[in-house]
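Presented below is the structure to which this report refers.
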Amino acid sequence: MGDLIYLKENLLIAWEGIVSNKVRALLTMLGIIIGIGAVIAIVTVGNAMADSVSESMSKLGVTNVLVALQNKNSTDIGLSFLSGSLTESDLISDDMIEKYSELFKDNIEAISLSNVGGAGQAGDGKSYANVTLLGVNEGYETANNVSMLEGRFIRENDLKSRRYVAVVSDKFVNNLFPSNPDCLGKEIKIDTSGSIQTFTIIGVYQYEPPMMATSVAASDKELRTFLYIPISTVNMITSADEGYLAITVNSKSNINMSKFSTDTRDFFNAYYTKNPKFEVSAISLDSMLSIVSDVMGTLSVAVSVIAGISLVVGGIGIMNIMLVSVTERTKEIGMRKALGARNLSIQIQFIVEAVIVSGLGGIIGALLGFGLGFIGSSLLGHPKFPSVGIIVISVLFSMLIGIFFGFYPANKAANLEPVEALRYE
Amino acid sequence: MFESGLESSEKAELNDLNYTMYMRKIVKSFYTGTPHELEILHSIDLFVKKGEFVSIVGQSGSGKSTLMNIIGGLDRPTSGKYLLEGVDMGKLNANQLSDIRNKKIGFVFQTFNLIPRSSALRNVELPMLYAGVGSAERKTKAQELLAMLGMRNRMNHLPSELSGGQKQRVAIARSLANDPAIILADEPTGALDTKTGRMVMDIFHKLHERQKKTIILITHNDTLAEETERILTIEDGHIVTEKATEKIS
């Protein structure tokens, strides 16, 4: 016990040892620094990613079910790339959707259909704005939380009559009619891949920046926004196939989502039993979130394994350097024993030294992880600090590594014969 | 019968003469890997009274160092009896031997053996640290000892910042820290020039005369040995001569 009371002295002795060999101590710590730093940074960034994803998802709407074609026997869940040639008969048809909405009318709030009609410029002859032409149906508004500022969204009649009407963003209005924002009823010319069509503006919606921006427009002037027109009109312009690769079903909010997803999938797959290549998947936000959390889980396990390996390597580094240190200080150990140090005192001295090295490595690593995690999560738009808990745990864990890997060298030092040790040159 | 007779005579000697150190028939042999052992010390008898200044003289290979290690409790005799202030050193375990070295023996080495990373003061504190002396008391005592040896202005220097003579003075201060029964000095002037060596010897004389310390000086230098009260010459593992000098008072 007497030996433990003088822990403070041991700390001082160990500190003297470390300070006299700073570069070596720092190199020894490196494995621990990297391991701990990586864990904390990745966990912090992971949390930010999870936040960002769930925020995006809830913007998409909690009650949406995405119905999409996929290859048969596909191992991917959801959103996979389709392979093999696709003909019109493989697509989800209007007929299927009609029967589906009839059968599940108690569960369905809206069905959203969309089809990209190309990107281009829209103008009134004087100025222009960049747009992506998106053919939509009346259900798109609800399913995608489009918030209207003026006028109205695309309606069923627009689709039936294949009208040349458009719903534009407020940014679009700013670009095209900066002086006279009252633009409802105005005509615009849209140039897509050579053909020019004239549309009448029937509504203005509020522009929402994308959740995870992949590229940033140079200015508001260059910003490309969606220009919504009836999907039937788009199909006519582009002479696209009748049918859809994917539809979004917006369900009523009080239903069992997973059962509804399963029922939806089964309904559509009934049409695909004889199709050799394709079937339909139905994914709700719930299942998407669980996919995301599965991915995150796998990722953090992988990171933990890598960090664990780094920590073990760091620990071996500490053991190695401690063994060198014991050999170097054989004479000193002999002298300490001559002066009356018990084996336990010597052992504690070296373990304390190993723990200080590994603990310092842990603290530096935690600070590094703290900084990197903050920077990384800020880049994702969700600045986060790692929790105090994880920092404390990782520093304690690195100290434990010091004890574990310092034990053998310390034992070796403690068991040196004083006569042999004193004779060592 | 013979054995028990010896036991009682040992006790009588201890009581009557008040030996600080009592060695009887000490044998040390080493296993060399072959069935034949290498015997370094052959039945050494050695008695040192309290307050004596004794020198042990011998050439290298004479067994002098082995004897010193046994006296210092760094090594154990293969057979024989060794009592230090009445404590039977043969019956102690490693930790008890550590405690004896700590409290009853003050080592002074030829190569000083100071901890290079610690100041003079902390080097002197070290034996007291291992003895469990509190921090404030340690510091005061170490300062006193260093001051006594004329090292007041060098207390916070590292060994590398000290001259050989200064290092040896720190080492002597350290050997005195726990007020030991004997000071065991192994060639203390061996690494010093004549003048500095002289100064170190003067320190030992002062410790002996003024503070009545018991000192065992191990040396191969006959001139230095002549300054002590009694010279034991060791040769091939035997004490061949034992000579009292006129120094005895």
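If you're wondering about the labels, chains in the structure tokens are A, B, ... by order shown, residues count from 1 in each chain, ligands from 1 in order shown.
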
If DSSP is run on the backbone, what residues of segment 59-173 of chain B are strand (DSSP E)? A reply as a ChimeraX atom specification would be ideal. /B:79-84,87-88,105-108

Provide as a ChimeraX atom specification the residues of chain A at most 6 Å from chain B, counting only C-alpha atoms. /A:339-342,418-419

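Contact shell of Ile231 of chain A at 7 Å (only C-alpha atoms; same-chain neighbours under 6 positions omitted): A:Ser114, A:Asn115, A:Gly135, A:Val136, A:Asn137, A:Leu159.
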
Interatomic distance between atom CA of Ile255 of chain A and atom CA of Thr142 of chain A? 16.9 Å

Just list the residues in segment 58-239 of chain B DSSP gives helix (DSSP H, G or I) on the backbone, as a PyMOL selection string. chain B and resi 64-71+89-91+94-104+120-131+135-148+152-154+159-161+164-175+194-211+222-226

Contact residues around Thr111 of chain B with only C-alpha atoms at 10 Å, ignoring same-chain residues under 2 positions, as a list of chain:residue names: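 What passes the distance filter is B:Val108, B:Phe109, B:Asn113, B:Leu114, B:Gly164, B:Lys167, B:Gln168, B:Ala171, B:Asp186, B:Glu187, B:Pro188, B:Thr189, B:Gly190, B:Ala191, B:Leu192.
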
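You can rank B:Ile215, B:Leu83, B:Leu146, B:Ala244 by their closest distance to Ala181 of chain B using only C-alpha atoms, and at the top of that list sits B:Ile215.
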
Spatial neighbours of Arg329 of chain A, 10 Å, only C-alpha atoms, chain gap at least 4 places, as a ChimeraX atom specification: /A:323-325,333-335,413,421,424-425 /B:115

Would you mind exporting the chosen residues as a PDB file, in the first residue's frame, restricted to C-alpha atoms?
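Result written to again_5.pdb:
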ATOM      1  CA  LEU A 323      11.095  -2.815 -23.107  1.00  0.00           C
ATOM      2  CA  VAL A 324      13.768  -0.608 -24.661  1.00  0.00           C
ATOM      3  CA  SER A 325      13.423   1.774 -21.760  1.00  0.00           C
ATOM      4  CA  ILE A 333      16.782  -0.058 -11.825  1.00  0.00           C
ATOM      5  CA  GLY A 334      19.614  -1.882 -10.059  1.00  0.00           C
ATOM      6  CA  MET A 335      20.563   1.323  -8.296  1.00  0.00           C
ATOM      7  CA  ALA A 413      12.081  -4.478 -14.714  1.00  0.00           C
ATOM      8  CA  ALA A 421      21.290  -4.910 -12.954  1.00  0.00           C
ATOM      9  CA  TYR A 424      24.917  -3.812 -16.532  1.00  0.00           C
ATOM     10  CA  GLU A 425      26.769  -1.356 -18.745  1.00  0.00           C
TER      11      GLU A 425
ATOM     12  CA  ILE B 115      19.519   9.254 -11.641  1.00  0.00           C
TER      13      ILE B 115
END

Applying 9 Å and only C-alpha atoms, which residues near Met151 of chain B remain after dropping the ones on its own chain fewer than 6 positions away? List them as JSON, numbers by chain. {"B": [120, 143, 145, 166, 169, 170]}

List as a list in words the protein and nucleic acid residues near Pro77 of chain B, meaning an atom at most 9 Å away when only C-alpha atoms are counted, but skip any in the same chain fewer than 3 places from it. Ile26, Val27, Lys28, Ser29, Leu41, Leu67, Ile70, Gly80, Lys81, Tyr82 and Gly90 of chain B
